[in-house]
Amino acid sequence: MNNKKIFCLLAGFIFSLSGIISAQSSPDDALNSITKAELKDHVYFLASDYMAGRFAPSAEYEIAAQYVASQFASAGVQPFLKDESGELSYFQEVPFIKTTYGTDIKWIIKNAGETREFQHQKDFKILFSRISEDEKLDLVFVGYGIEEPDYGWNDFEGLEVAGKMVIVLNGAPMKKGKPVLPEEIHAKYPETAYWKKLWALSRMGAKGVIMVDESASGQMYWDGFESRALSEKYAYQGPGSERNSRSRPSMYIVKPEVVDVLFKGQPYSPTSIAEKGLKNYSCFQLEGISIETLFEVIEEKTISSKNIVGFIPGTDPDLINENITVGAHLDHVAPVDGQVRNGADDNASGSSGVIEVAEAMALNPGRRPLVFIAFTAEEMGLLGSKYFLNTGTLEKEMIKFNLNLDMIGRSSEENAETRAHYLVTHKKYLNELSSFVGEINGNTINYPLLYNNDQDSPGGSDHQTFISAGIPAFFFFSGVHEDLHKPGDDPDLIDYQKAESISRLAYLIVNELSNMDVVPTFLEE
């Protein structure tokens, strides 16, 4: 039996129980069930040192998954799936292949008739993934990686980066100590915004990214990053795995001597910027050069990691096929050099918000059915949400909206005073969603919100999987802060009052979507 038939049978069965399941709580009682105390309890458990960062295919992530399922069950949120034995289940297994590597990793660079060997940690650091031994990638230098043609600057003009290793400078161009681009444009590309460049290059299809520091020594840039090369790698095996297994390009930083070898004999080298500024600056594909990565594969085996999926039936049988989905990614990242990246804001906060919104909606179900999902492997390229949507767990045409909570407990530096929070969506939905959410927020929580186009967001989240499928979606987002993906993202730094306000606003939005006569497309006219 396919997933769609299982869903229809299950939905019909649960709908028959909806009168029993639905408590007689008022909307106000449901709203008030979302408390900072309960959010704090969830975050402190999910982001404890014991949970080791909840890296997706880990034993600690499994504990987190069981915790979310237990919270769904205690709130009266129903299991959405069936396991292999036919029993109802909250768990959807997302398949991976786990490869274990040796620790000795080397680059062999051949250029201008010369062969040089470089050692991981000594000469280059791996921030994401690594090149497979069977990849022979062309290299292309895209300068600062800035595309602002309206201001006379386009580093990608005439270049193709898809499927290639891209070399890119951090920051933005300067001339005699002053920005080349207008101040407001220059400010979009600070040295700390390398994530934005990585994400943009990922969307352009780059297979790898080498970040280069233009300073003479490069030492400060080098010292500011830790290598995240792991002894284990996990390759997604779900639908589109050939396309998605490297959803984010490999990312590296290198010492200046590596840059010298890469650009030897090429038309231009970024190492000249420190001395000559932008004289002769150009972007181009490198010729006559190759990089080979040497490493040892010790073991390969098939494993899985869980999406956690709960269901609240709607009260209107005519709307049984119009689902509203509410999600958050439960995973974070693995420890580095023994230091746990707890991921309290990213994304224990959002996962806790989903638990609380699910509990509130279970107290006061709406007309439309609701599906709550804690996704796995968002940090590996939105893989849990892609598996959920691309396997037909719930047919795309049966989903009217997706609300995603990814970081709801901190504020970015620029919003430290106001504690404002971001709503991020695709530009085609931005205006209509701003009005829709703004009206609900203005009449209730009245929390300061900033509305952002996800083209300008510093990273992706699971809402983008739904948008790619033509489903309107957005995510609540703290913004980038200094502890993102670092050991400092701890439970004691979460603004629990803010997390409560955003979670309550999310409940009010979901409640409205569930009960309105027609869910808008939110597409700008």
# chains A, B, ... in the order shown; residues from 1 in each chain; ligands from 1
>>> residues_around(residues="region 121-128 of chain A", least_positions_apart="6", cutoff="8 Å", atoms="only C-alpha atoms", output="number ranges by chain")
A: 226-229, 248-255, 258
>>> write_last_selection(atoms="C-alpha atoms", output="PDB file, in the first residue's frame")
ATOM      1  CA  GLU A 226      38.329  25.274  13.155  1.00  0.00           C
ATOM      2  CA  SER A 227      38.379  22.325  10.796  1.00  0.00           C
ATOM      3  CA  ARG A 228      35.159  20.332  10.889  1.00  0.00           C
ATOM      4  CA  ALA A 229      36.566  17.330   9.074  1.00  0.00           C
ATOM      5  CA  ARG A 248      26.082  22.055   0.254  1.00  0.00           C
ATOM      6  CA  PRO A 249      29.446  22.289  -1.425  1.00  0.00           C
ATOM      7  CA  SER A 250      32.598  21.211   0.332  1.00  0.00           C
ATOM      8  CA  MET A 251      34.188  24.271   1.923  1.00  0.00           C
ATOM      9  CA  TYR A 252      37.857  24.872   2.706  1.00  0.00           C
ATOM     10  CA  ILE A 253      40.182  27.582   3.954  1.00  0.00           C
ATOM     11  CA  VAL A 254      43.847  27.521   3.032  1.00  0.00           C
ATOM     12  CA  LYS A 255      47.195  28.995   4.011  1.00  0.00           C
ATOM     13  CA  VAL A 258      48.542  27.079  -0.982  1.00  0.00           C
TER      14      VAL A 258
END
>>> residues_around(residues="region 263-270 of chain A", least_positions_apart="6", cutoff="8 Å", atoms="only C-alpha atoms", output="JSON, numbers by chain")
{"A": [111, 112, 143, 169, 214, 280, 281, 282, 286, 287]}
>>> write_last_selection(atoms="C-alpha atoms", output="PDB file, in the first residue's frame")
ATOM      1  CA  ASN A 111      50.150  23.165 -11.571  1.00  0.00           C
ATOM      2  CA  ALA A 112      52.636  24.612 -14.048  1.00  0.00           C
ATOM      3  CA  GLY A 143      37.053  37.157  -6.904  1.00  0.00           C
ATOM      4  CA  LEU A 169      37.745  36.023  -1.462  1.00  0.00           C
ATOM      5  CA  GLU A 214      43.388  38.701   0.694  1.00  0.00           C
ATOM      6  CA  ASN A 280      44.575  43.985 -12.917  1.00  0.00           C
ATOM      7  CA  TYR A 281      41.829  42.340 -10.831  1.00  0.00           C
ATOM      8  CA  SER A 282      40.028  39.684 -12.860  1.00  0.00           C
ATOM      9  CA  LEU A 286      42.159  28.351 -13.885  1.00  0.00           C
ATOM     10  CA  GLU A 287      43.969  26.315 -16.533  1.00  0.00           C
TER      11      GLU A 287
END
>>> residues_around(residues="Lys136 (chain A)", least_positions_apart="4", cutoff="8 Å", atoms="only C-alpha atoms", output="MDAnalysis selection string")
chainID A and resid 290:292
>>> select_by_dssp(residues="region 69-273 of chain A", states="strand (DSSP E)", output="PyMOL selection string")
chain A and resi 78-79+81-82+88-89+91-101+106-111+114-119+124-128+139-141+147-148+153-154+165-169+174-175+178-179+208-212+232-236+250-254
>>> residues_around(residues="Tyr90 (chain A)", least_positions_apart="6", cutoff="7 Å", atoms="only C-alpha atoms", output="list in words")
Ala69, Pro79, Phe80, Leu81, Ile308, Val309 and Gly310 of chain A
>>> residues_around(residues="Glu232 (chain A)", least_positions_apart="4", cutoff="7 Å", atoms="only C-alpha atoms", output="PDB file with C-alpha atoms, in the first residue's frame")
ATOM      1  CA  LYS A  98      27.920   5.979   6.699  1.00  0.00           C
ATOM      2  CA  THR A  99      31.543   6.012   5.580  1.00  0.00           C
ATOM      3  CA  THR A 100      34.390   5.900   8.107  1.00  0.00           C
ATOM      4  CA  TYR A 101      37.699   7.475   7.060  1.00  0.00           C
TER       5      TYR A 101
END
>>> residues_around(residues="region 478-492 of chain A", least_positions_apart="6", cutoff="7 Å", atoms="only C-alpha atoms", output="PDB file with C-alpha atoms, in the first residue's frame")
ATOM      1  CA  VAL A  43      15.543  23.384  25.458  1.00  0.00           C
ATOM      2  CA  TYR A  44      17.560  22.401  28.514  1.00  0.00           C
ATOM      3  CA  ALA A  47      20.613  21.165  24.205  1.00  0.00           C
ATOM      4  CA  GLN A 339      33.713  20.695  22.266  1.00  0.00           C
ATOM      5  CA  VAL A 340      29.939  20.211  22.109  1.00  0.00           C
ATOM      6  CA  ARG A 341      27.960  22.571  19.888  1.00  0.00           C
ATOM      7  CA  ASN A 342      24.757  22.389  21.938  1.00  0.00           C
ATOM      8  CA  GLY A 343      22.499  24.125  19.423  1.00  0.00           C
ATOM      9  CA  ALA A 344      20.142  25.650  21.967  1.00  0.00           C
ATOM     10  CA  ASP A 345      18.912  28.329  19.570  1.00  0.00           C
ATOM     11  CA  MET A 407      15.997  29.632  15.809  1.00  0.00           C
ATOM     12  CA  ILE A 408      13.437  31.504  17.914  1.00  0.00           C
ATOM     13  CA  GLY A 409      15.405  32.186  21.096  1.00  0.00           C
ATOM     14  CA  ARG A 410      18.144  34.736  20.410  1.00  0.00           C
ATOM     15  CA  SER A 411      18.614  38.073  18.625  1.00  0.00           C
ATOM     16  CA  SER A 412      21.249  39.121  16.131  1.00  0.00           C
ATOM     17  CA  GLU A 413      23.667  41.842  17.139  1.00  0.00           C
ATOM     18  CA  HIS A 421      12.758  38.690  15.068  1.00  0.00           C
ATOM     19  CA  TYR A 422      12.902  37.774  11.378  1.00  0.00           C
TER      20      TYR A 422
END
>>> closest_residue(among="A:Leu46, A:Ile312, A:Ile146, A:Val297", to="Thr325 (chain A)", atoms="only C-alpha atoms")
A:Ile312
>>> closest_residue(among="A:Leu294, A:Leu319, A:Ala30, A:Met165", to="Gly102 (chain A)", atoms="only C-alpha atoms")
A:Leu294
>>> atom_distance(atom1="CA of Lys386 (chain A)", atom2="CA of Phe477 (chain A)")
20.0 Å
>>> residues_around(residues="region 175-181 of chain A", least_positions_apart="5", cutoff="12 Å", atoms="only C-alpha atoms", output="ChimeraX atom specification")
/A:144,146-154,186-190,273-279,281
>>> write_last_selection(atoms="C-alpha atoms", output="short mmCIF file (atom, residue, chain, number, x, y, z; two decimals), in the first residue's frame")
data_model
loop_
_atom_site.label_atom_id
_atom_site.label_comp_id
_atom_site.auth_asym_id
_atom_site.auth_seq_id
_atom_site.Cartn_x
_atom_site.Cartn_y
_atom_site.Cartn_z
CA TYR A 144 34.84 38.42 -4.09
CA ILE A 146 29.75 39.52 -5.62
CA GLU A 147 27.03 39.97 -8.22
CA GLU A 148 25.78 43.56 -8.14
CA PRO A 149 25.48 44.56 -11.83
CA ASP A 150 23.36 47.61 -10.97
CA TYR A 151 26.46 49.01 -9.28
CA GLY A 152 28.92 48.00 -11.99
CA TRP A 153 30.26 44.87 -10.27
CA ASN A 154 29.68 41.29 -11.37
CA HIS A 186 29.40 46.92 0.87
CA ALA A 187 27.71 46.24 4.22
CA LYS A 188 26.02 43.14 2.74
CA TYR A 189 29.40 41.41 2.41
CA PRO A 190 31.28 41.69 5.71
CA ILE A 273 45.78 42.73 -3.54
CA ALA A 274 47.62 43.44 -0.29
CA GLU A 275 50.38 45.21 -2.21
CA LYS A 276 48.77 46.46 -5.43
CA GLY A 277 45.12 46.79 -4.51
CA LEU A 278 42.71 45.89 -7.31
CA LYS A 279 45.11 46.61 -10.17
CA TYR A 281 41.83 42.34 -10.83
#
>>> closest_residue(among="A:Asp155, A:Asn170, A:Arg368, A:Gly353", to="Ile320 (chain A)", atoms="only C-alpha atoms")
A:Arg368
>>> atom_distance(atom1="CA of Trp199 (chain A)", atom2="CA of Val168 (chain A)")
12.7 Å
>>> select_by_dssp(residues="region 153-200 of chain A", states="helix (DSSP H, G or I)", output="VMD selection string")
chain A and resid 183 to 186 191 to 200
>>> closest_residue(among="A:Phe156, A:Tyr194, A:Phe372, A:Tyr234", to="Leu403 (chain A)", atoms="only C-alpha atoms")
A:Phe372
>>> closest_residue(among="A:Asp346, A:Glu62, A:Glu397, A:Asp331", to="Leu382 (chain A)", atoms="only C-alpha atoms")
A:Asp331
>>> closest_residue(among="A:Asn390, A:His329, A:Ser349, A:Gly366", to="Gln497 (chain A)", atoms="only C-alpha atoms")
A:Ser349
